[in-house]
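**Student:** query-v1.txt is reproduced in full below (compact mmCIF, C-alpha atoms).
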# COMPACT_ATOMS: atom_id res chain seq x y z
CA MET I 27 4.60 -10.72 -11.80
CA SER I 28 4.16 -12.01 -15.33
CA SER I 29 3.60 -9.81 -18.35
CA ARG I 30 0.09 -11.22 -18.60
CA MET I 31 -0.65 -9.98 -15.09
CA VAL I 32 0.78 -6.56 -15.91
CA LEU I 33 -1.51 -6.32 -18.91
CA ARG I 34 -4.51 -7.24 -16.80
CA CYS I 35 -3.71 -4.49 -14.35
CA THR I 36 -2.88 -1.78 -16.86
CA ASN I 37 -5.04 -2.80 -19.86
CA SER I 38 -2.36 -1.34 -22.11
CA PHE I 39 1.13 0.06 -22.00
CA ALA I 40 3.23 2.13 -24.38
CA LEU I 41 6.32 0.31 -25.48
CA SER I 42 8.24 2.93 -27.41
CA GLN I 43 8.00 5.45 -30.22
CA PRO I 44 9.61 3.61 -33.14
CA LYS I 45 9.92 4.90 -36.67
CA PHE I 46 7.69 3.22 -39.24
CA ASN I 47 7.52 4.33 -42.88
CA GLY I 48 9.32 7.52 -41.87
CA CYS I 49 6.88 8.45 -39.08
CA PHE I 50 7.15 8.24 -35.30
CA PHE I 51 4.14 6.99 -33.35
CA PRO I 52 3.48 5.33 -29.98
CA LEU I 53 3.22 1.58 -29.84
CA ILE I 54 0.38 0.50 -27.57
CA TYR I 55 0.10 -3.20 -26.85
CA HIS I 56 -3.39 -4.29 -25.79
CA ILE I 57 -4.70 -7.68 -24.79
CA ASN I 58 -6.53 -8.01 -28.09
CA ALA I 59 -5.77 -6.87 -31.60
CA SER I 60 -9.11 -5.09 -32.09
CA ALA I 61 -8.28 -2.72 -29.26
CA LEU I 62 -4.81 -2.22 -30.66
CA THR I 63 -6.10 -1.07 -34.04
CA ARG I 64 -7.88 1.87 -32.41
CA HIS I 65 -4.51 3.36 -31.48
CA VAL I 66 -2.21 2.76 -34.43
CA PRO I 67 -2.55 2.72 -38.23
CA ALA I 68 -3.70 -0.61 -39.68
CA THR I 69 -0.58 -0.82 -41.85
CA ALA I 70 1.54 -0.73 -38.71
CA LEU I 71 -0.43 -3.29 -36.72
CA SER I 72 1.85 -6.24 -37.39
CA PHE I 73 4.89 -4.08 -36.62
CA CYS I 74 3.34 -3.03 -33.29
CA GLN I 75 2.60 -6.61 -32.36
CA LEU I 76 6.16 -7.58 -33.20
CA GLN I 77 7.60 -4.83 -31.02
CA ALA I 78 5.18 -5.67 -28.22
CA SER I 79 6.23 -9.30 -28.26
CA LYS I 80 9.83 -8.23 -27.66
CA LEU I 81 8.86 -6.85 -24.26
CA HIS I 82 6.24 -9.47 -23.48
CA ASP I 83 8.64 -11.31 -21.17
CA SER I 84 10.72 -8.33 -20.07
CA GLN I 85 11.09 -7.10 -16.49
CA VAL I 86 9.90 -3.57 -17.23
CA THR I 87 6.56 -1.85 -17.73
CA VAL I 88 5.97 1.45 -19.49
CA ALA I 89 3.12 3.92 -18.96
CA SER I 90 0.44 3.88 -21.65
CA ASP I 91 0.45 7.69 -21.86
CA VAL I 92 3.35 8.60 -24.15
CA ARG I 93 3.55 12.04 -22.56
CA TYR I 94 5.44 10.35 -19.71
CA GLY I 95 8.26 9.86 -22.18
CA GLY I 96 8.39 6.08 -22.18
CA LYS I 97 9.73 5.93 -18.61
CA GLN I 98 10.34 2.30 -17.70
CA ILE I 99 9.62 0.88 -14.24
CA ILE I 100 10.65 -2.44 -12.80
CA THR I 101 8.22 -5.35 -12.75
CA VAL I 102 8.84 -7.19 -9.49
CA ASP I 103 8.80 -10.95 -10.04
CA SER I 104 9.50 -13.61 -7.39
CA PRO I 105 13.33 -13.72 -7.74
CA LEU I 106 13.57 -9.93 -7.58
CA TYR I 107 11.19 -9.72 -4.61
CA ASP I 108 13.25 -12.38 -2.83
CA TYR I 109 16.27 -10.16 -3.42
CA ILE I 110 14.43 -7.14 -1.99
CA LEU I 111 13.44 -9.12 1.10
CA SER I 112 17.04 -10.32 1.52
CA ASN I 113 17.99 -6.65 1.89
CA VAL I 114 15.50 -5.92 4.67
CA ARG I 115 16.96 -5.55 8.18
CA GLU I 116 14.28 -7.53 9.97
CA PRO I 117 14.79 -7.89 13.73
CA LYS I 118 14.69 -11.47 15.04
CA ILE I 119 11.52 -10.85 17.06
CA LEU I 120 9.72 -9.58 13.95
CA ARG I 121 10.86 -12.58 11.93
CA GLU I 122 9.54 -14.94 14.58
CA LEU I 123 6.18 -13.14 14.66
CA ARG I 124 5.99 -13.19 10.86
CA GLU I 125 6.69 -16.91 10.74
CA GLU I 126 4.09 -17.69 13.40
CA THR I 127 1.51 -15.51 11.67
CA ALA I 128 2.21 -17.32 8.38
CA THR I 129 0.65 -20.44 9.90
CA MET I 130 -2.56 -18.62 10.83
CA ARG I 131 -5.74 -17.97 8.94
CA GLY I 132 -5.66 -14.62 7.16
CA SER I 133 -1.86 -14.39 7.19
CA GLN I 134 -1.97 -12.45 3.92
CA MET I 135 -3.26 -9.47 5.93
CA GLN I 136 0.13 -9.05 7.55
CA VAL I 137 2.28 -6.29 6.07
CA SER I 138 5.47 -7.40 4.35
CA PRO I 139 8.91 -6.90 5.95
CA ASP I 140 9.84 -4.21 3.44
CA GLN I 141 6.64 -2.31 4.28
CA ALA I 142 7.30 -2.59 8.01
CA GLN I 143 10.83 -1.31 7.50
CA LEU I 144 9.48 1.71 5.63
CA LEU I 145 6.98 2.44 8.41
CA ALA I 146 9.74 2.27 11.01
CA MET I 147 11.93 4.60 9.00
CA LEU I 148 9.09 7.13 8.61
CA ILE I 149 8.66 7.08 12.40
CA GLN I 150 12.35 7.78 12.86
CA ILE I 151 12.52 10.52 10.21
CA LEU I 152 9.45 12.20 11.69
CA GLY I 153 10.69 11.85 15.25
CA ALA I 154 7.22 10.56 16.11
CA LYS I 155 6.27 9.87 19.71
CA ARG I 156 2.50 9.37 19.54
CA CYS I 157 1.04 7.01 16.95
CA ILE I 158 -2.18 5.24 15.98
CA GLU I 159 -2.65 2.00 14.10
CA VAL I 160 -6.03 1.11 12.60
CA GLY I 161 -6.05 -2.65 12.05
CA THR I 162 -3.34 -4.41 14.07
CA TYR I 163 -3.97 -8.11 13.29
CA THR I 164 -1.16 -10.07 15.02
CA GLY I 165 0.96 -6.98 15.57
CA TYR I 166 3.75 -7.13 12.99
CA SER I 167 3.50 -3.51 11.84
CA SER I 168 2.72 -2.16 15.32
CA LEU I 169 5.70 -4.04 16.76
CA ALA I 170 7.94 -2.59 14.04
CA VAL I 171 6.71 0.87 15.02
CA ALA I 172 6.96 0.30 18.78
CA LEU I 173 10.55 -0.95 18.47
CA VAL I 174 11.71 2.42 17.10
CA LEU I 175 9.54 4.65 19.29
CA PRO I 176 11.36 6.37 22.16
CA GLU I 177 10.82 4.99 25.68
CA GLU I 178 8.11 7.57 26.31
CA GLY I 179 6.46 6.76 22.99
CA HIS I 180 2.79 5.81 22.81
CA LEU I 181 0.98 3.71 20.18
CA VAL I 182 -2.79 3.17 20.14
CA ALA I 183 -3.36 -0.16 18.38
CA CYS I 184 -6.95 -0.78 17.20
CA GLU I 185 -8.01 -4.38 16.63
CA ARG I 186 -11.33 -6.22 16.94
CA ASP I 187 -10.19 -9.86 16.80
CA ASP I 188 -9.44 -11.47 20.19
CA LYS I 189 -7.12 -14.19 18.92
CA SER I 190 -5.02 -11.73 16.92
CA ILE I 191 -4.69 -9.48 19.96
CA GLU I 192 -3.45 -12.40 22.07
CA VAL I 193 -0.63 -13.06 19.62
CA ALA I 194 0.25 -9.36 19.35
CA LYS I 195 0.40 -8.86 23.12
CA ARG I 196 2.63 -11.90 23.55
CA TYR I 197 5.16 -10.45 21.13
CA TYR I 198 4.93 -6.95 22.64
CA ASP I 199 5.88 -8.56 25.96
CA ARG I 200 8.73 -10.56 24.45
CA ALA I 201 10.11 -7.45 22.73
CA GLY I 202 9.84 -5.35 25.90
CA VAL I 203 7.56 -2.72 24.33
CA SER I 204 4.23 -3.44 26.06
CA HIS I 205 4.50 -0.17 27.98
CA LYS I 206 4.44 1.71 24.66
CA VAL I 207 1.37 -0.02 23.17
CA ASP I 208 -2.21 0.71 24.19
CA VAL I 209 -4.29 -2.06 22.61
CA ARG I 210 -7.91 -1.06 22.00
CA HIS I 211 -10.22 -4.01 21.42
CA GLY I 212 -13.28 -3.10 19.36
CA LEU I 213 -14.31 -1.19 16.27
CA ALA I 214 -11.58 1.20 15.17
CA ALA I 215 -14.01 3.99 14.28
CA ASP I 216 -15.41 3.92 17.82
CA THR I 217 -11.91 4.08 19.29
CA LEU I 218 -10.94 7.04 17.10
CA LYS I 219 -14.12 8.90 18.00
CA SER I 220 -13.46 8.31 21.70
CA LEU I 221 -9.95 9.75 21.35
CA ILE I 222 -11.41 12.88 19.76
CA GLN I 223 -14.05 13.17 22.46
CA ASN I 224 -11.31 12.88 25.09
CA GLY I 225 -9.61 15.98 23.71
CA GLU I 226 -6.77 14.28 21.84
CA SER I 227 -7.24 16.08 18.52
CA CYS I 228 -3.96 17.08 16.84
CA ARG I 229 -1.94 15.21 19.48
CA TYR I 230 -0.66 12.38 17.28
CA ASP I 231 2.33 12.40 14.94
CA PHE I 232 1.67 9.32 12.86
CA ALA I 233 -1.13 6.94 11.87
CA PHE I 234 -1.21 3.74 9.83
CA VAL I 235 -4.41 2.35 8.29
CA ASP I 236 -4.74 -1.32 7.31
CA ALA I 237 -8.28 -2.33 8.15
CA GLU I 238 -11.76 -2.61 6.59
CA LYS I 239 -11.40 -1.15 3.09
CA ARG I 240 -14.97 0.12 2.88
CA MET I 241 -14.25 2.27 5.95
CA TYR I 242 -11.13 3.96 4.61
CA GLN I 243 -12.72 7.35 4.03
CA GLU I 244 -14.25 7.46 7.53
CA TYR I 245 -10.98 6.37 9.15
CA PHE I 246 -9.13 9.03 7.20
CA GLU I 247 -11.49 11.83 8.24
CA LEU I 248 -11.21 10.83 11.90
CA LEU I 249 -7.43 10.54 11.75
CA LEU I 250 -7.15 13.97 10.14
CA GLN I 251 -8.61 15.33 13.35
CA LEU I 252 -6.19 13.37 15.54
CA VAL I 253 -2.93 13.89 13.63
CA ARG I 254 -1.09 17.18 14.00
CA ILE I 255 -0.10 19.49 11.15
CA GLY I 256 3.02 18.00 9.59
CA GLY I 257 2.10 14.54 10.82
CA LEU I 258 1.68 11.50 8.59
CA ILE I 259 -1.19 9.17 7.75
CA VAL I 260 -0.09 6.07 5.83
CA VAL I 261 -2.77 3.98 4.11
CA ASP I 262 -2.15 0.40 2.98
CA ASN I 263 -3.63 -1.62 0.07
CA VAL I 264 -4.27 1.39 -2.16
CA LEU I 265 -3.43 -0.67 -5.27
CA TRP I 266 -5.63 -3.58 -4.13
CA HIS I 267 -3.80 -6.29 -6.10
CA GLY I 268 -4.13 -4.19 -9.26
CA ARG I 269 -7.92 -4.28 -9.22
CA VAL I 270 -8.19 -0.49 -8.83
CA ALA I 271 -6.84 -0.12 -12.39
CA ASP I 272 -9.14 -2.74 -13.91
CA PRO I 273 -12.44 -1.15 -15.08
CA LEU I 274 -14.05 -4.60 -15.18
CA VAL I 275 -13.66 -5.05 -11.41
CA ASN I 276 -16.33 -3.19 -9.45
CA ASP I 277 -16.92 -5.04 -6.20
CA SER I 278 -17.62 -2.95 -3.10
CA LYS I 279 -14.09 -3.06 -1.67
CA THR I 280 -12.44 -2.19 -4.97
CA LEU I 281 -14.86 0.68 -5.53
CA SER I 282 -14.22 1.98 -2.01
CA ILE I 283 -10.46 2.03 -2.49
CA ARG I 284 -10.75 3.48 -5.98
CA ASN I 285 -13.02 6.26 -4.69
CA PHE I 286 -10.75 6.85 -1.72
CA ASN I 287 -7.73 7.25 -4.01
CA ARG I 288 -9.67 9.66 -6.20
CA ASN I 289 -10.74 11.71 -3.20
CA LEU I 290 -7.16 11.88 -1.93
CA MET I 291 -5.99 13.28 -5.25
CA GLU I 292 -8.38 16.20 -4.80
CA ASP I 293 -7.88 16.66 -1.04
CA LYS I 294 -5.98 19.90 -0.41
CA ARG I 295 -5.65 19.18 3.29
CA VAL I 296 -2.80 16.74 2.67
CA ASP I 297 0.27 16.22 0.53
CA ILE I 298 0.37 12.70 -0.88
CA SER I 299 2.72 10.12 -2.37
CA MET I 300 1.48 6.73 -3.58
CA VAL I 301 4.29 4.20 -3.22
CA PRO I 302 4.19 0.84 -5.07
CA ILE I 303 5.47 -1.21 -2.13
CA GLY I 304 3.59 -4.30 -0.98
CA ASP I 305 0.01 -3.83 -2.15
CA GLY I 306 0.56 -0.08 -2.48
CA MET I 307 0.82 2.49 0.29
CA THR I 308 -0.12 6.17 0.18
CA ILE I 309 1.79 8.49 2.49
CA CYS I 310 -0.24 11.56 3.44
CA ARG I 311 1.26 14.60 5.18
CA LYS I 312 -1.25 16.85 6.92
CA ARG I 313 -0.89 20.48 5.82
What is this file in structure tokens?

**Tutor:**
Amino acid sequence: MSSRMVLRCTNSFALSQPKFNGCFFPLIYHINASALTRHVPATALSFCQLQASKLHDSQVTVASDVRYGGKQIITVDSPLYDYILSNVREPKILRELREETATMRGSQMQVSPDQAQLLAMLIQILGAKRCIEVGTYTGYSSLAVALVLPEEGHLVACERDDKSIEVAKRYYDRAGVSHKVDVRHGLAADTLKSLIQNGESCRYDFAFVDAEKRMYQEYFELLLQLVRIGGLIVVDNVLWHGRVADPLVNDSKTLSIRNFNRNLMEDKRVDISMVPIGDGMTICRKR
């Protein structure tokens, strides 16, 4: 990710607290100089711009709020992301599914290998046996989950697209996990409601959501009924390509995710951790 892209997502970021004319103050680098002058003395403007330019091409980003102490985080560019992917233990069957999916329309909907590895590890740490996936697509994430489930494990996979289901089922068969996966063709909300009506509330250990963004809040409320106390609900795309942090972007999907994130912050029914992996994932633990 370039520095220009970082600026678009964050609008501003604090670079440091240098000393200028004997005084310490935060340097805030904005996209335009007029915005910059609202944060620092006019006499220090050129100095701020100079310091900002030093980090313009750096691989780190710093929070705009100086109360975070100038903590630097890594900016993941293509070479670094390639390195991350080279350190993912991706099973051969998952690689083959990923490569086939890459030739299909909508392949960007597939979770990344590092995300799938995290999901699988969460399943193992939790000791999960019963899981739900909302939005299966061609089955990459559900296959990653099914591969680490115990033999008696059970995964309800919700997907509405016929062609995607055909691909997913073919790979479930090849991987020998078809007996663990219950594919539900149709609207995910209807499937979740039917599970509740069938008396399966609080019987699931884990759920993963990667479906229609404008439905996130409804999916979450339904899954809270289905997941047990101590179970996890993981929600994908919570950073939405950085659009959630851009006040100029207000389309319906961005607003839905932004509102969902805000609601989660205030929701005392769950513990949460937003993780900047892939397009952002929030891990929710039901209290």

**Student:** Just give me the gap between atom CA of Leu148 of chain I and atom CA of Arg186 of chain I in Å, one decimal is fine.

**Tutor:**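 Distance reported for this atom pair: 25.8 Å.
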
**Student:** Can you pull out the residues contacting segment 258-270 of chain I? Cut-off 7 Å, using only C-alpha atoms, and skip same-chain residues under 5 positions away; I want them as number ranges by chain.

**Tutor:** I: 35, 231-236, 275, 280, 283-284, 305-312

**Student:** Since we have the selection now, will you write its residues out, keeping C-alpha atoms, as a PDB file, in the frame of the given file?

**Tutor:**
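See selection.pdb below for the written result:
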ATOM      1  CA  CYS I  35      -3.710  -4.490 -14.350  1.00  0.00           C
ATOM      2  CA  ASP I 231       2.330  12.400  14.940  1.00  0.00           C
ATOM      3  CA  PHE I 232       1.670   9.320  12.860  1.00  0.00           C
ATOM      4  CA  ALA I 233      -1.130   6.940  11.870  1.00  0.00           C
ATOM      5  CA  PHE I 234      -1.210   3.740   9.830  1.00  0.00           C
ATOM      6  CA  VAL I 235      -4.410   2.350   8.290  1.00  0.00           C
ATOM      7  CA  ASP I 236      -4.740  -1.320   7.310  1.00  0.00           C
ATOM      8  CA  VAL I 275     -13.660  -5.050 -11.410  1.00  0.00           C
ATOM      9  CA  THR I 280     -12.440  -2.190  -4.970  1.00  0.00           C
ATOM     10  CA  ILE I 283     -10.460   2.030  -2.490  1.00  0.00           C
ATOM     11  CA  ARG I 284     -10.750   3.480  -5.980  1.00  0.00           C
ATOM     12  CA  ASP I 305       0.010  -3.830  -2.150  1.00  0.00           C
ATOM     13  CA  GLY I 306       0.560  -0.080  -2.480  1.00  0.00           C
ATOM     14  CA  MET I 307       0.820   2.490   0.290  1.00  0.00           C
ATOM     15  CA  THR I 308      -0.120   6.170   0.180  1.00  0.00           C
ATOM     16  CA  ILE I 309       1.790   8.490   2.490  1.00  0.00           C
ATOM     17  CA  CYS I 310      -0.240  11.560   3.440  1.00  0.00           C
ATOM     18  CA  ARG I 311       1.260  14.600   5.180  1.00  0.00           C
ATOM     19  CA  LYS I 312      -1.250  16.850   6.920  1.00  0.00           C
TER      20      LYS I 312
END

**Student:** Mind checking which residues fall within 10 Å of Ala237 of chain I, counting all atoms listed in the file, ignoring those fewer than 5 positions away in the same chain, and posting them as number ranges by chain?

**Tutor:** I: 135, 159-163, 184-185, 214, 242, 245, 261-263

**Student:** Using atom CA of His205 of chain I and atom CA of Glu178 of chain I as the two end points, give the distance in Å to one decimal.

**Tutor:**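 Spanning atom CA of His205 of chain I to atom CA of Glu178 of chain I is a straight-line distance of 8.7 Å.
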
**Student:** Produce a table with one row for each residue of segment 136-236 of chain I that has an atom at most 8 Å from any atom of segment 112-122 of chain I, each row naming the nearest atom pair and its distance in Å at one decimal; use all atoms listed in the file; arrange rows by chain and rising residue number; format as CSV.

**Tutor:**
residue,atom,partner,partner_atom,distance
I:Pro139,CA,I:Glu116,CA,6.7
I:Asp140,CA,I:Val114,CA,6.0
I:Gln143,CA,I:Val114,CA,7.1
I:Tyr166,CA,I:Leu120,CA,6.5
I:Leu169,CA,I:Leu120,CA,7.4
I:Ala170,CA,I:Leu120,CA,7.2
I:Tyr197,CA,I:Ile119,CA,7.6
I:Arg200,CA,I:Ile119,CA,7.9
I:Ala201,CA,I:Ile119,CA,6.8

**Student:** Record the distance separating atom CA of Thr127 of chain I and atom CA of Leu111 of chain I, expressed in Å with one decimal.

**Tutor:**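 If I compute the distance from atom CA of Thr127 of chain I to atom CA of Leu111 of chain I, I get 17.2 Å.
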
**Student:** Could you tell me which of I:Met241, I:Val207, I:Leu106, I:Ile151 comes closest to Phe286 of chain I if we count all atoms listed in the file?

**Tutor:**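 Between I:Met241, I:Val207, I:Leu106, I:Ile151, the residue approaching Phe286 of chain I most closely is I:Met241.
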
**Student:** Considering all atoms listed in the file, can you say which of I:Ala172, I:Met130, I:Val92, I:Asn224 comes closest to Asp199 of chain I?

**Tutor:**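 Once distances to Asp199 of chain I are computed over all atoms listed in the file, the minimum belongs to I:Ala172.
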
**Student:** For Val174 of chain I, find every residue with an atom within 8 Å (counting only C-alpha atoms), except residues of its own chain fewer than 4 positions away, and show them as an MDAnalysis selection string.

**Tutor:** chainID I and resid 146 149:150 170

**Student:** I need the chosen residues saved as a PDB file, in the coordinates of the input, with C-alpha atoms.

**Tutor:**
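As written to disk, selection34.pdb reads:
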ATOM      1  CA  ALA I 146       9.740   2.270  11.010  1.00  0.00           C
ATOM      2  CA  ILE I 149       8.660   7.080  12.400  1.00  0.00           C
ATOM      3  CA  GLN I 150      12.350   7.780  12.860  1.00  0.00           C
ATOM      4  CA  ALA I 170       7.940  -2.590  14.040  1.00  0.00           C
TER       5      ALA I 170
END

**Student:** So, counting all atoms listed in the file, which residue among I:Arg240, I:Leu175, I:Leu218, I:Arg131 is closest to Gly202 of chain I?

**Tutor:**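 Once distances to Gly202 of chain I are computed over all atoms listed in the file, the minimum belongs to I:Leu175.
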
**Student:** Counting only C-alpha atoms, what is within 12 Å of segment 220-223 of chain I, bar same-chain residues fewer than 6 positions away, as a list in words?

**Tutor:**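 So the residues in contact are Ile158, Val182, Cys184, Arg210, Gly212, Leu213, Ala214, Arg229, Tyr230, Glu247, Leu248, Leu249, Leu250, Gln251, Leu252 and Val253 of chain I.
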
**Student:** Ranking I:Arg313, I:Lys239, I:Arg254, I:Arg93 by minimum distance to Asn287 of chain I and counting all atoms listed in the file, which one comes first?

**Tutor:**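 Checking each candidate against Asn287 of chain I, we get I:Lys239 as the closest.
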
**Student:** With distances taken over only C-alpha atoms, which residue among I:Leu274, I:Val296, I:Ala89, I:Ala194 lies nearest Leu123 of chain I?

**Tutor:**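 Of I:Leu274, I:Val296, I:Ala89, I:Ala194, the one nearest Leu123 of chain I, counting only C-alpha atoms, is I:Ala194.
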
**Student:** I need the residue nearest Ala154 of chain I from this list: I:Pro273, I:Gly96, I:Pro105, I:Gly256. Use all atoms listed in the file for the distance.

**Tutor:**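 Ranking I:Pro273, I:Gly96, I:Pro105, I:Gly256 by distance to Ala154 of chain I, first place goes to I:Gly256.
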
**Student:** Specify the axis-aligned box that encloses all atoms of segment 248-253 of chain I listed in the file after padding of 8 Å on each side, stating its centre and edge lengths in Å to one decimal as lines of an AutoDock Vina configuration file.

**Tutor:**
center_x = -7.1
center_y = 12.9
center_z = 12.8
size_x = 24.3
size_y = 20.8
size_z = 21.4
